[in-house]
$ cat data_39.cif   # mmCIF, C-alpha atoms and all ligand atoms
data_structure
loop_
_atom_site.label_atom_id
_atom_site.label_comp_id
_atom_site.auth_asym_id
_atom_site.auth_seq_id
_atom_site.Cartn_x
_atom_site.Cartn_y
_atom_site.Cartn_z
CA MET H 1 -27.32 -27.57 7.24
CA SER H 2 -23.99 -29.03 6.08
CA SER H 3 -21.27 -26.71 4.87
CA ARG H 4 -20.26 -26.82 1.22
CA LYS H 5 -17.79 -25.00 -0.99
CA ILE H 6 -19.46 -24.13 -4.24
CA LEU H 7 -17.82 -22.70 -7.31
CA ILE H 8 -20.23 -20.62 -9.39
CA THR H 9 -18.77 -19.62 -12.76
CA GLY H 10 -20.11 -16.57 -14.60
CA GLY H 11 -21.49 -15.21 -11.33
CA ALA H 12 -20.99 -11.60 -12.41
CA GLY H 13 -23.30 -12.07 -15.41
CA PHE H 14 -27.06 -11.76 -15.61
CA ILE H 15 -28.33 -15.15 -14.38
CA GLY H 16 -25.14 -15.95 -12.45
CA SER H 17 -25.51 -12.86 -10.24
CA HIS H 18 -29.02 -13.96 -9.23
CA VAL H 19 -27.77 -17.48 -8.48
CA VAL H 20 -24.84 -16.15 -6.41
CA ARG H 21 -27.18 -13.83 -4.47
CA LEU H 22 -29.67 -16.64 -3.77
CA PHE H 23 -26.99 -19.12 -2.60
CA VAL H 24 -25.05 -16.57 -0.50
CA ASN H 25 -28.22 -15.40 1.30
CA LYS H 26 -30.00 -18.74 1.60
CA TYR H 27 -27.01 -20.87 2.65
CA PRO H 28 -24.88 -18.93 5.16
CA ASN H 29 -23.02 -22.19 5.95
CA TYR H 30 -21.88 -22.58 2.35
CA THR H 31 -18.85 -20.82 0.94
CA ILE H 32 -19.65 -19.40 -2.49
CA ILE H 33 -16.77 -18.74 -4.86
CA ASN H 34 -17.70 -16.67 -7.89
CA LEU H 35 -15.25 -17.20 -10.75
CA ASP H 36 -15.64 -14.74 -13.60
CA LYS H 37 -13.49 -13.25 -16.36
CA LEU H 38 -15.54 -10.02 -16.32
CA THR H 39 -16.08 -9.84 -20.07
CA TYR H 40 -18.32 -7.07 -21.42
CA ALA H 41 -21.23 -9.08 -19.92
CA GLY H 42 -19.75 -9.51 -16.44
CA ASN H 43 -20.14 -6.72 -13.93
CA LEU H 44 -19.35 -6.79 -10.21
CA GLU H 45 -21.85 -3.95 -9.74
CA ASN H 46 -24.46 -6.73 -10.10
CA LEU H 47 -23.35 -8.11 -6.72
CA LYS H 48 -22.85 -4.94 -4.65
CA ASP H 49 -25.47 -5.99 -2.09
CA ILE H 50 -23.74 -9.27 -1.16
CA GLU H 51 -20.05 -8.66 -1.92
CA LYS H 52 -19.13 -8.09 1.74
CA LYS H 53 -20.85 -11.20 3.09
CA PRO H 54 -18.34 -13.52 4.81
CA ASN H 55 -19.41 -16.56 2.78
CA TYR H 56 -18.76 -14.85 -0.60
CA HIS H 57 -15.44 -14.82 -2.48
CA PHE H 58 -14.54 -13.59 -5.94
CA GLU H 59 -11.89 -15.13 -8.22
CA HIS H 60 -11.11 -13.10 -11.32
CA GLY H 61 -10.04 -15.39 -14.16
CA ASP H 62 -10.75 -17.27 -17.34
CA ILE H 63 -12.19 -20.78 -17.66
CA LEU H 64 -9.80 -21.23 -20.58
CA ASP H 65 -6.92 -21.12 -18.08
CA ILE H 66 -6.70 -24.70 -16.75
CA GLU H 67 -3.85 -23.90 -14.31
CA PHE H 68 -5.98 -21.17 -12.77
CA LEU H 69 -8.93 -23.58 -12.46
CA ASN H 70 -6.75 -26.23 -10.79
CA THR H 71 -5.54 -23.61 -8.30
CA VAL H 72 -9.07 -22.44 -7.50
CA PHE H 73 -10.25 -26.02 -6.92
CA SER H 74 -7.41 -26.83 -4.52
CA LYS H 75 -7.30 -23.43 -2.78
CA HIS H 76 -11.02 -23.51 -1.94
CA GLN H 77 -11.49 -27.31 -1.70
CA ILE H 78 -14.44 -27.05 -4.08
CA ASP H 79 -17.08 -29.80 -3.73
CA GLY H 80 -19.81 -28.39 -5.97
CA VAL H 81 -19.82 -26.55 -9.29
CA VAL H 82 -22.61 -24.50 -10.85
CA HIS H 83 -21.31 -23.59 -14.28
CA LEU H 84 -22.86 -20.55 -15.96
CA ALA H 85 -19.85 -18.81 -17.55
CA ALA H 86 -20.42 -18.57 -21.28
CA GLU H 87 -20.69 -16.36 -24.29
CA SER H 88 -24.46 -16.05 -24.40
CA HIS H 89 -25.67 -13.86 -27.27
CA VAL H 90 -26.81 -15.48 -30.54
CA ASP H 91 -26.14 -12.36 -32.65
CA ARG H 92 -22.53 -12.16 -31.44
CA SER H 93 -22.06 -15.87 -32.17
CA LEU H 94 -22.87 -15.22 -35.82
CA HIS H 95 -19.93 -12.80 -36.01
CA ASN H 96 -17.43 -14.55 -33.76
CA PRO H 97 -18.18 -18.30 -33.57
CA THR H 98 -14.62 -19.20 -32.55
CA GLU H 99 -14.89 -17.23 -29.32
CA PHE H 100 -18.10 -19.15 -28.56
CA ALA H 101 -16.44 -22.51 -29.30
CA ASN H 102 -13.49 -21.60 -27.07
CA THR H 103 -15.39 -20.32 -24.04
CA ASN H 104 -18.43 -22.57 -24.20
CA ILE H 105 -16.84 -25.84 -25.32
CA ILE H 106 -13.17 -25.73 -24.28
CA GLY H 107 -13.97 -23.71 -21.14
CA THR H 108 -16.53 -26.32 -20.05
CA LEU H 109 -14.11 -29.15 -20.84
CA ASN H 110 -11.44 -27.41 -18.74
CA LEU H 111 -13.81 -27.20 -15.79
CA LEU H 112 -14.69 -30.89 -16.13
CA ARG H 113 -10.98 -31.73 -16.19
CA ALA H 114 -10.27 -29.55 -13.15
CA ALA H 115 -13.12 -31.21 -11.20
CA GLN H 116 -11.90 -34.66 -12.21
CA THR H 117 -8.34 -33.82 -11.13
CA ALA H 118 -9.42 -32.31 -7.83
CA TRP H 119 -11.93 -35.01 -6.87
CA LYS H 120 -9.66 -37.95 -7.82
CA GLY H 121 -12.52 -40.42 -8.19
CA ASN H 122 -13.98 -39.59 -4.76
CA PHE H 123 -17.38 -38.33 -5.82
CA GLU H 124 -19.18 -38.51 -2.48
CA ASN H 125 -21.18 -35.30 -1.94
CA LYS H 126 -19.76 -33.83 -5.14
CA ARG H 127 -21.83 -32.21 -7.90
CA PHE H 128 -20.95 -30.73 -11.26
CA TYR H 129 -23.97 -28.80 -12.53
CA HIS H 130 -23.89 -27.39 -16.06
CA ILE H 131 -26.35 -24.64 -17.02
CA SER H 132 -27.50 -25.06 -20.61
CA THR H 133 -30.25 -23.70 -22.80
CA ASP H 134 -33.41 -24.87 -24.57
CA GLU H 135 -31.81 -23.56 -27.79
CA VAL H 136 -29.87 -26.85 -28.10
CA TYR H 137 -33.17 -28.48 -29.17
CA GLY H 138 -33.46 -26.25 -32.25
CA SER H 139 -36.78 -24.72 -33.22
CA ALA H 140 -40.18 -26.07 -32.07
CA GLU H 141 -41.84 -24.69 -35.16
CA HIS H 142 -44.12 -27.66 -35.82
CA GLY H 143 -45.90 -27.37 -32.48
CA GLY H 144 -45.38 -29.33 -29.28
CA PHE H 145 -42.87 -28.67 -26.53
CA PHE H 146 -39.23 -29.54 -25.96
CA THR H 147 -38.90 -32.43 -23.51
CA GLU H 148 -35.63 -33.86 -22.20
CA GLU H 149 -36.00 -36.58 -24.90
CA THR H 150 -36.26 -34.10 -27.80
CA PRO H 151 -33.26 -34.71 -30.11
CA ILE H 152 -30.50 -32.13 -29.91
CA ASP H 153 -30.60 -30.01 -33.09
CA PRO H 154 -28.76 -26.71 -32.57
CA ARG H 155 -29.06 -24.13 -35.36
CA SER H 156 -26.89 -21.16 -34.35
CA PRO H 157 -23.17 -21.09 -33.49
CA TYR H 158 -24.23 -20.22 -29.91
CA SER H 159 -26.55 -23.21 -29.54
CA ALA H 160 -24.05 -25.48 -31.34
CA SER H 161 -21.41 -24.54 -28.77
CA LYS H 162 -23.82 -25.11 -25.86
CA ALA H 163 -24.95 -28.48 -27.30
CA SER H 164 -21.33 -29.53 -27.65
CA SER H 165 -20.60 -28.57 -24.03
CA ASP H 166 -23.67 -30.58 -22.92
CA HIS H 167 -22.24 -33.62 -24.74
CA PHE H 168 -18.89 -33.22 -22.97
CA VAL H 169 -20.67 -33.05 -19.61
CA SER H 170 -22.60 -36.26 -20.41
CA ALA H 171 -19.38 -37.87 -21.64
CA TYR H 172 -17.70 -37.16 -18.29
CA TYR H 173 -20.66 -38.76 -16.49
CA ASN H 174 -20.61 -41.84 -18.72
CA SER H 175 -16.86 -42.26 -19.08
CA PHE H 176 -15.59 -41.26 -15.63
CA GLY H 177 -18.64 -41.28 -13.34
CA LEU H 178 -18.35 -37.55 -12.65
CA PRO H 179 -21.61 -36.64 -10.82
CA THR H 180 -23.07 -34.27 -13.39
CA LEU H 181 -26.40 -32.51 -13.83
CA ILE H 182 -27.60 -30.46 -16.80
CA SER H 183 -30.52 -28.06 -17.06
CA ARG H 184 -31.91 -26.37 -20.14
CA CYS H 185 -33.88 -23.20 -19.56
CA SER H 186 -35.97 -20.99 -21.80
CA ASN H 187 -35.38 -17.22 -22.26
CA ASN H 188 -34.85 -15.33 -19.01
CA TYR H 189 -35.68 -11.70 -18.26
CA GLY H 190 -35.29 -9.44 -15.22
CA PRO H 191 -32.90 -7.02 -13.48
CA PHE H 192 -29.20 -6.96 -14.53
CA HIS H 193 -29.98 -8.34 -18.00
CA PHE H 194 -27.39 -6.96 -20.43
CA PRO H 195 -29.23 -4.59 -22.79
CA GLU H 196 -28.17 -6.34 -26.00
CA LYS H 197 -30.97 -8.89 -25.37
CA LEU H 198 -34.54 -8.22 -26.50
CA ILE H 199 -36.34 -7.01 -23.37
CA PRO H 200 -33.70 -4.71 -21.83
CA LEU H 201 -32.68 -3.47 -25.29
CA MET H 202 -36.25 -2.35 -25.96
CA ILE H 203 -36.57 -0.75 -22.50
CA ASN H 204 -33.29 1.14 -22.97
CA ASN H 205 -34.22 2.32 -26.47
CA ILE H 206 -37.67 3.47 -25.35
CA ILE H 207 -36.09 5.49 -22.53
CA ASN H 208 -33.73 7.08 -25.08
CA ASN H 209 -36.31 7.52 -27.85
CA LYS H 210 -34.30 5.29 -30.18
CA PRO H 211 -35.76 2.96 -32.85
CA LEU H 212 -36.93 -0.44 -31.59
CA PRO H 213 -35.35 -3.00 -33.97
CA VAL H 214 -37.75 -5.93 -34.41
CA TYR H 215 -36.14 -8.68 -36.49
CA GLY H 216 -38.25 -9.60 -39.54
CA LYS H 217 -41.98 -9.57 -38.91
CA GLY H 218 -41.55 -10.18 -35.18
CA GLU H 219 -43.43 -13.47 -35.37
CA ASN H 220 -40.77 -15.55 -33.62
CA ILE H 221 -41.90 -16.99 -30.32
CA ARG H 222 -39.95 -17.20 -27.06
CA ASP H 223 -40.99 -18.75 -23.72
CA TRP H 224 -40.10 -16.17 -21.02
CA LEU H 225 -39.15 -16.92 -17.41
CA PHE H 226 -38.35 -14.42 -14.64
CA VAL H 227 -34.67 -14.79 -13.75
CA GLU H 228 -35.31 -15.30 -10.00
CA ASP H 229 -37.52 -18.27 -10.87
CA HIS H 230 -34.62 -19.70 -12.89
CA ALA H 231 -32.25 -19.16 -9.93
CA ARG H 232 -34.69 -21.04 -7.65
CA ALA H 233 -34.92 -23.87 -10.19
CA ILE H 234 -31.10 -24.09 -10.21
CA ASP H 235 -31.16 -24.31 -6.40
CA SER H 236 -33.76 -27.12 -6.57
CA ILE H 237 -31.85 -29.08 -9.21
CA PHE H 238 -28.48 -28.64 -7.46
CA HIS H 239 -29.92 -30.03 -4.21
CA LYS H 240 -32.63 -32.45 -5.38
CA GLY H 241 -31.79 -33.40 -8.97
CA LYS H 242 -30.65 -36.93 -9.85
CA VAL H 243 -27.05 -37.23 -10.95
CA GLY H 244 -26.65 -37.94 -14.68
CA GLU H 245 -30.02 -36.37 -15.52
CA VAL H 246 -31.14 -33.45 -17.68
CA TYR H 247 -33.91 -31.08 -16.53
CA ASN H 248 -35.86 -28.61 -18.66
CA ILE H 249 -36.82 -25.29 -17.02
CA GLY H 250 -39.55 -23.02 -18.39
CA GLY H 251 -42.43 -20.80 -17.45
CA ASN H 252 -45.06 -21.93 -19.96
CA ASN H 253 -45.20 -18.34 -21.14
CA GLU H 254 -44.94 -18.05 -24.93
CA TRP H 255 -44.94 -14.64 -26.60
CA LYS H 256 -44.50 -13.50 -30.19
CA ASN H 257 -41.75 -10.87 -30.22
CA ILE H 258 -43.99 -8.21 -31.76
CA ASP H 259 -46.70 -8.72 -29.13
CA LEU H 260 -44.12 -8.52 -26.36
CA VAL H 261 -42.59 -5.32 -27.78
CA ASN H 262 -46.08 -3.78 -28.08
CA LEU H 263 -46.80 -4.69 -24.45
CA LEU H 264 -43.51 -3.14 -23.33
CA CYS H 265 -44.34 0.04 -25.28
CA HIS H 266 -47.68 0.23 -23.48
CA ILE H 267 -46.09 -0.28 -20.02
CA MET H 268 -43.31 2.24 -20.74
CA ASP H 269 -45.72 4.93 -22.01
CA LYS H 270 -47.55 4.68 -18.70
CA LYS H 271 -44.36 4.67 -16.59
CA LEU H 272 -42.83 7.61 -18.48
CA ASN H 273 -46.10 9.58 -18.57
CA ARG H 274 -46.01 9.62 -22.35
CA ALA H 275 -49.15 9.56 -24.50
CA GLU H 276 -50.29 6.00 -25.32
CA GLY H 277 -48.76 5.03 -28.69
CA THR H 278 -45.62 7.18 -28.34
CA SER H 279 -43.23 4.26 -27.88
CA GLN H 280 -45.00 2.09 -30.45
CA LYS H 281 -44.07 4.64 -33.12
CA LEU H 282 -40.42 3.72 -32.49
CA ILE H 283 -40.93 0.11 -33.66
CA THR H 284 -38.79 -0.51 -36.76
CA HIS H 285 -38.79 -3.82 -38.59
CA VAL H 286 -35.20 -4.65 -39.55
CA THR H 287 -33.53 -7.42 -41.55
CA ASP H 288 -34.12 -10.77 -39.90
CA ARG H 289 -31.42 -12.67 -38.01
CA PRO H 290 -29.97 -15.40 -40.27
CA GLY H 291 -31.28 -18.85 -39.32
CA HIS H 292 -33.63 -17.26 -36.78
CA ASP H 293 -35.29 -20.07 -34.73
CA LEU H 294 -39.04 -19.61 -35.01
CA ARG H 295 -40.20 -20.96 -31.67
CA TYR H 296 -38.90 -22.17 -28.32
CA ALA H 297 -41.33 -23.88 -25.95
CA ILE H 298 -40.40 -25.90 -22.91
CA ASP H 299 -42.09 -28.80 -21.11
CA ALA H 300 -40.82 -28.50 -17.52
CA SER H 301 -43.01 -31.24 -16.05
CA LYS H 302 -40.07 -33.50 -15.08
CA LEU H 303 -38.56 -30.73 -12.93
CA ILE H 304 -41.93 -29.91 -11.38
CA SER H 305 -42.79 -33.50 -10.51
CA GLU H 306 -39.31 -34.45 -9.21
CA THR H 307 -38.41 -31.35 -7.21
CA GLY H 308 -41.67 -29.47 -6.58
CA TRP H 309 -40.27 -26.30 -8.22
CA ARG H 310 -42.79 -23.96 -9.81
CA PRO H 311 -42.45 -20.48 -11.30
CA ASP H 312 -43.58 -17.87 -8.74
CA VAL H 313 -43.64 -14.70 -10.78
CA THR H 314 -46.31 -14.08 -13.40
CA PHE H 315 -45.24 -12.32 -16.59
CA GLU H 316 -47.33 -9.27 -15.69
CA VAL H 317 -45.58 -8.86 -12.32
CA GLY H 318 -42.14 -9.82 -13.65
CA LEU H 319 -42.23 -7.34 -16.54
CA GLU H 320 -43.39 -4.54 -14.27
CA LYS H 321 -40.59 -5.35 -11.76
CA THR H 322 -38.10 -5.41 -14.62
CA VAL H 323 -39.18 -2.08 -16.11
CA ASP H 324 -39.17 -0.48 -12.63
CA TRP H 325 -35.67 -1.82 -11.99
CA TYR H 326 -34.27 -0.34 -15.22
CA LEU H 327 -35.97 3.01 -14.58
CA ALA H 328 -34.49 3.08 -11.06
CA ASN H 329 -31.01 2.02 -12.25
CA THR H 330 -30.21 4.36 -15.12
CA THR H 331 -26.60 4.76 -13.91
CA TRP H 332 -26.06 1.00 -14.27
CA LEU H 333 -27.78 1.12 -17.67
CA ASN H 334 -25.71 4.08 -18.89
CA ASN H 335 -22.47 2.52 -17.64
CA VAL H 336 -22.97 -0.78 -19.46
CA THR H 337 -24.26 0.79 -22.67
CA SER H 338 -21.48 3.35 -23.11
CA GLY H 339 -17.97 2.81 -24.53
CA GLU H 340 -17.29 -0.46 -26.39
CA TYR H 341 -20.91 -1.59 -26.27
CA LEU H 342 -22.16 1.57 -27.98
CA LYS H 343 -19.73 0.96 -30.86
CA TYR H 344 -20.92 -2.66 -31.12
CA TYR H 345 -24.57 -1.57 -31.09
CA ASN H 346 -24.14 1.07 -33.77
CA ASN H 347 -22.23 -1.38 -35.95
CA MET H 348 -24.82 -4.08 -35.45
CA TYR H 349 -27.82 -1.97 -36.42
CA GLN H 350 -26.18 0.17 -39.11
CA GLY H 351 -27.93 -0.45 -42.42
CA ARG H 352 -30.15 -3.22 -41.04
P1 LIG H 401 -24.21 -13.40 -19.48
O1 LIG H 401 -23.62 -13.20 -20.84
O2 LIG H 401 -25.02 -12.32 -18.86
O3 LIG H 401 -23.04 -13.74 -18.44
C1 LIG H 401 -21.99 -14.61 -18.74
C2 LIG H 401 -20.93 -14.45 -17.66
O4 LIG H 401 -19.85 -15.34 -17.96
C3 LIG H 401 -20.31 -13.04 -17.58
O5 LIG H 401 -20.21 -12.62 -16.25
C4 LIG H 401 -18.93 -13.21 -18.19
O6 LIG H 401 -17.96 -12.29 -17.69
C5 LIG H 401 -18.61 -14.65 -17.83
N1 LIG H 401 -17.63 -15.26 -18.74
C6 LIG H 401 -17.66 -15.25 -20.10
N2 LIG H 401 -16.57 -15.87 -20.59
C7 LIG H 401 -15.85 -16.29 -19.51
C8 LIG H 401 -14.63 -17.00 -19.38
N3 LIG H 401 -13.93 -17.38 -20.47
N4 LIG H 401 -14.18 -17.28 -18.15
C9 LIG H 401 -14.86 -16.88 -17.04
N5 LIG H 401 -16.02 -16.19 -17.10
C10 LIG H 401 -16.51 -15.90 -18.34
O7 LIG H 401 -25.03 -14.76 -19.58
P2 LIG H 401 -26.41 -15.18 -18.90
O8 LIG H 401 -27.52 -14.71 -19.72
O9 LIG H 401 -26.35 -14.85 -17.46
O10 LIG H 401 -26.32 -16.76 -19.08
C11 LIG H 401 -25.67 -17.58 -18.11
C12 LIG H 401 -25.74 -19.02 -18.55
O11 LIG H 401 -27.08 -19.42 -18.70
C13 LIG H 401 -25.05 -19.28 -19.89
O12 LIG H 401 -24.38 -20.51 -19.81
C14 LIG H 401 -26.21 -19.36 -20.88
O13 LIG H 401 -25.90 -20.20 -21.96
C15 LIG H 401 -27.30 -19.95 -20.00
N6 LIG H 401 -28.70 -19.60 -20.37
C16 LIG H 401 -29.06 -18.29 -20.56
C17 LIG H 401 -30.40 -17.99 -20.85
C18 LIG H 401 -30.85 -16.55 -21.01
O14 LIG H 401 -32.01 -16.32 -21.32
N7 LIG H 401 -30.01 -15.55 -20.79
C19 LIG H 401 -31.34 -19.00 -20.97
C20 LIG H 401 -30.92 -20.33 -20.77
C21 LIG H 401 -29.60 -20.60 -20.46
P1 LIG H 402 -32.54 -12.55 -27.65
O1 LIG H 402 -32.90 -11.73 -26.47
O2 LIG H 402 -31.28 -12.23 -28.40
O3 LIG H 402 -32.55 -14.06 -27.18
P2 LIG H 402 -32.46 -15.44 -28.07
O4 LIG H 402 -32.03 -15.11 -29.44
O5 LIG H 402 -31.42 -16.21 -27.34
O6 LIG H 402 -33.83 -16.03 -28.00
O7 LIG H 402 -33.73 -12.46 -28.68
C1 LIG H 402 -35.05 -12.83 -28.33
C2 LIG H 402 -35.91 -12.72 -29.58
O8 LIG H 402 -36.00 -11.34 -29.96
C3 LIG H 402 -35.33 -13.43 -30.77
O9 LIG H 402 -36.41 -13.98 -31.54
C4 LIG H 402 -34.64 -12.34 -31.57
C5 LIG H 402 -35.51 -11.13 -31.29
N1 LIG H 402 -34.80 -9.82 -31.27
C6 LIG H 402 -35.30 -8.74 -32.00
O10 LIG H 402 -36.32 -8.84 -32.71
N2 LIG H 402 -34.64 -7.54 -31.93
C7 LIG H 402 -33.53 -7.37 -31.18
O11 LIG H 402 -32.94 -6.24 -31.18
C8 LIG H 402 -33.03 -8.48 -30.43
C9 LIG H 402 -31.80 -8.36 -29.59
C10 LIG H 402 -33.71 -9.68 -30.50
#
$ encode --input "data_39.cif" --output "structure tokens" --more "lines below"
Ligand code: NAD
Ligand code: TYD
Amino acid sequence: MSSRKILITGGAGFIGSHVVRLFVNKYPNYTIINLDKLTYAGNLENLKDIEKKPNYHFEHGDILDIEFLNTVFSKHQIDGVVHLAAESHVDRSLHNPTEFANTNIIGTLNLLRAAQTAWKGNFENKRFYHISTDEVYGSAEHGGFFTEETPIDPRSPYSASKASSDHFVSAYYNSFGLPTLISRCSNNYGPFHFPEKLIPLMINNIINNKPLPVYGKGENIRDWLFVEDHARAIDSIFHKGKVGEVYNIGGNNEWKNIDLVNLLCHIMDKKLNRAEGTSQKLITHVTDRPGHDLRYAIDASKLISETGWRPDVTFEVGLEKTVDWYLANTTWLNNVTSGEYLKYYNNMYQGR
């Protein structure tokens, strides 16, 4: 196995930490450099089990700092990039779109520039892999599935910023020949998911007997994929994907929010030895999210046929693993939900 020096941005976040763990363990000959600003969503506790491995390094910094990026590229002689660093929560993007434009668009452009500067037109064995989202396609509310040919139609400030970053990545491929790859995945769930997102938020609130805020009627549909399956797909695309291409990633696992929340209530009642129906009573329908995309649904057949990747974890098994992880990691949960986050949460749901 050849040795490579791979920069993973956002490696202290939810998906990034699973990608870092997979690469560090699976490729002992690679050097993995995790670059992360450690925003509210980044947490080095997510990487405790691998932080002492000799092929793992951490660089604390901001993708908005181009000098810092240039230094990291030359110091570590980076030859591959897996770019996950981003502001990732739709609700926050409605309140602070500028931060999303800065991190997601300008930050991505900075990374492209740093790679271009470092690689100086020598693209042999180089890869710049940008992790995007199915949300750039808009809402699949008239049926069908998003394919890689579906027109880009972002609806939220978050998805608009991700779509824009995708365009910059494609522009660097077309204009300068930078060897880029893009993937667009559906909603992830699993351990280390920050509890502002639907599944961990509901688990945390059930544990604490707090209301379960379902936006609107709860009829919006998401296509859920276990995070370790996403990390394996990223591994497949990084190693087997064709440069210049886009790959959709999804688990073919659509759920209406209200059905998913009811299922979680059922699982949690059993796990917490509470009478069936106890958690369900906490469900509270709150004011809908503005511009709330009705449905996301991914066609991942290109990825499956080109790389042989398939999701391994059924939703039943994945949800159970996830719930068990949160119940076994209440210190992690309490740490990330106290302080600034608690203020944000109370603000967010006040009067909704
Ligand atoms: P996350 O919010 O959990 O983590 C983001 C990470 O990026 C954090 O560690 C944070 O500290 C870091 N970061 C933020 N701004 C930074 C900056 N300016 N400089 C350096 N680091 C910075 O996000 P996630 O859910 O793990 O998502 C990772 C990527 O995957 C994102 O690009 C997101 O758009 C994409 N994605 C997420 C999902 C999902 O369901 N969560 C689905 C598809 C695609
Ligand atoms: P989220 O986890 O924020 O992911 P995304 O908006 O990127 O799909 O939300 C998933 C779905 O759950 C989405 O339809 C919004 C809904 N939702 C709620 O009903 N209540 C909540 O408290 C949250 C966070 C989300």
$ closest_residue --input "data_39.cif" --among "H:Thr39, H:Asn46, H:Ser279, H:Ser74" --to "H:Asn208" --atoms "all atoms listed in the file"
H:Ser279
$ closest_atom_pairs --input "data_39.cif" --of "stretch 1-89 of chain H" --to "stretch 215-232 of chain H" --cutoff "8 Å" --atoms "all atoms listed in the file" --output "Markdown table"
| residue | atom | partner | partner_atom | distance |
| --- | --- | --- | --- | --- |
| H:Ile15 | CA | H:Val227 | CA | 6.4 |
| H:His18 | CA | H:Ala231 | CA | 6.2 |
| H:Val19 | CA | H:Ala231 | CA | 5.0 |
| H:Leu22 | CA | H:Ala231 | CA | 7.1 |
$ closest_atom_pairs --input "data_39.cif" --of "chain H" --to "ligand LIG 401 (chain H)" --cutoff "7 Å" --atoms "all atoms listed in the file" --output "CSV"
residue,atom,partner,partner_atom,distance
H:Thr9,CA,H:LIG401,N5,6.2
H:Gly10,CA,H:LIG401,O4,3.6
H:Gly11,CA,H:LIG401,O5,5.7
H:Ala12,CA,H:LIG401,O5,4.0
H:Gly13,CA,H:LIG401,O5,3.2
H:Phe14,CA,H:LIG401,O9,3.7
H:Ile15,CA,H:LIG401,O9,3.7
H:Gly16,CA,H:LIG401,O9,5.3
H:Leu35,CA,H:LIG401,C9,6.3
H:Asp36,CA,H:LIG401,N5,3.8
H:Lys37,CA,H:LIG401,C9,3.9
H:Leu38,CA,H:LIG401,O6,3.6
H:Thr39,CA,H:LIG401,O6,3.9
H:Tyr40,CA,H:LIG401,O6,6.4
H:Ala41,CA,H:LIG401,C3,4.7
H:Gly42,CA,H:LIG401,O5,3.1
H:Asn43,CA,H:LIG401,O5,6.3
H:Gly61,CA,H:LIG401,C9,5.8
H:Asp62,CA,H:LIG401,N4,3.5
H:Ile63,CA,H:LIG401,N4,4.1
H:Leu64,CA,H:LIG401,N3,5.6
H:Leu84,CA,H:LIG401,O12,4.1
H:Ala85,CA,H:LIG401,O4,3.5
H:Ala86,CA,H:LIG401,C6,4.5
H:Glu87,CA,H:LIG401,C6,5.3
H:Ser88,CA,H:LIG401,O1,4.6
H:His89,CA,H:LIG401,O1,6.8
H:Thr103,CA,H:LIG401,N3,4.8
H:Gly107,CA,H:LIG401,N3,6.4
H:Ile131,CA,H:LIG401,O12,5.4
H:Ser132,CA,H:LIG401,C21,4.9
H:Thr133,CA,H:LIG401,C21,3.9
H:Asp134,CA,H:LIG401,C20,6.4
H:Lys162,CA,H:LIG401,O13,6.6
H:Arg184,CA,H:LIG401,C20,6.2
H:Cys185,CA,H:LIG401,C20,4.3
H:Ser186,CA,H:LIG401,C19,5.1
H:Asn187,CA,H:LIG401,O14,3.6
H:Asn188,CA,H:LIG401,O14,3.8
H:Tyr189,CA,H:LIG401,O14,6.6
H:His193,CA,H:LIG401,O2,6.4
H:Phe194,CA,H:LIG401,O2,6.1
$ atom_distance --input "data_39.cif" --atom1 "atom CA of H:Pro54" --atom2 "atom CA of H:His83"
21.8 Å
$ closest_residue --input "data_39.cif" --among "H:Arg155, H:His60, H:Lys242, H:His266" --to "ligand LIG 402 (chain H)" --atoms "all atoms listed in the file"
H:Arg155
$ atom_distance --input "data_39.cif" --atom1 "atom CA of H:Arg127" --atom2 "atom CA of H:Val82"
8.3 Å
$ residues_near_point --input "data_39.cif" --point "(-44.1, -33.2, -16.6)" --cutoff "12 Å" --atoms "all atoms listed in the file" --output "count of residues only"
22
$ axis_aligned_box --input "data_39.cif" --around "stretch 331-339 of chain H" --padding-each-side "5 Å" --output "lines of an AutoDock Vina configuration file"
center_x = -22.9
center_y = 2.0
center_z = -19.2
size_x = 19.8
size_y = 15.5
size_z = 20.6
$ atom_distance --input "data_39.cif" --atom1 "atom CA of H:His57" --atom2 "atom CA of H:His130"
20.3 Å
$ residues_around --input "data_39.cif" --residues "H:Phe123" --least-positions-apart "5" --cutoff "9 Å" --atoms "all atoms listed in the file" --output "ChimeraX atom specification"
/H:79,177-179
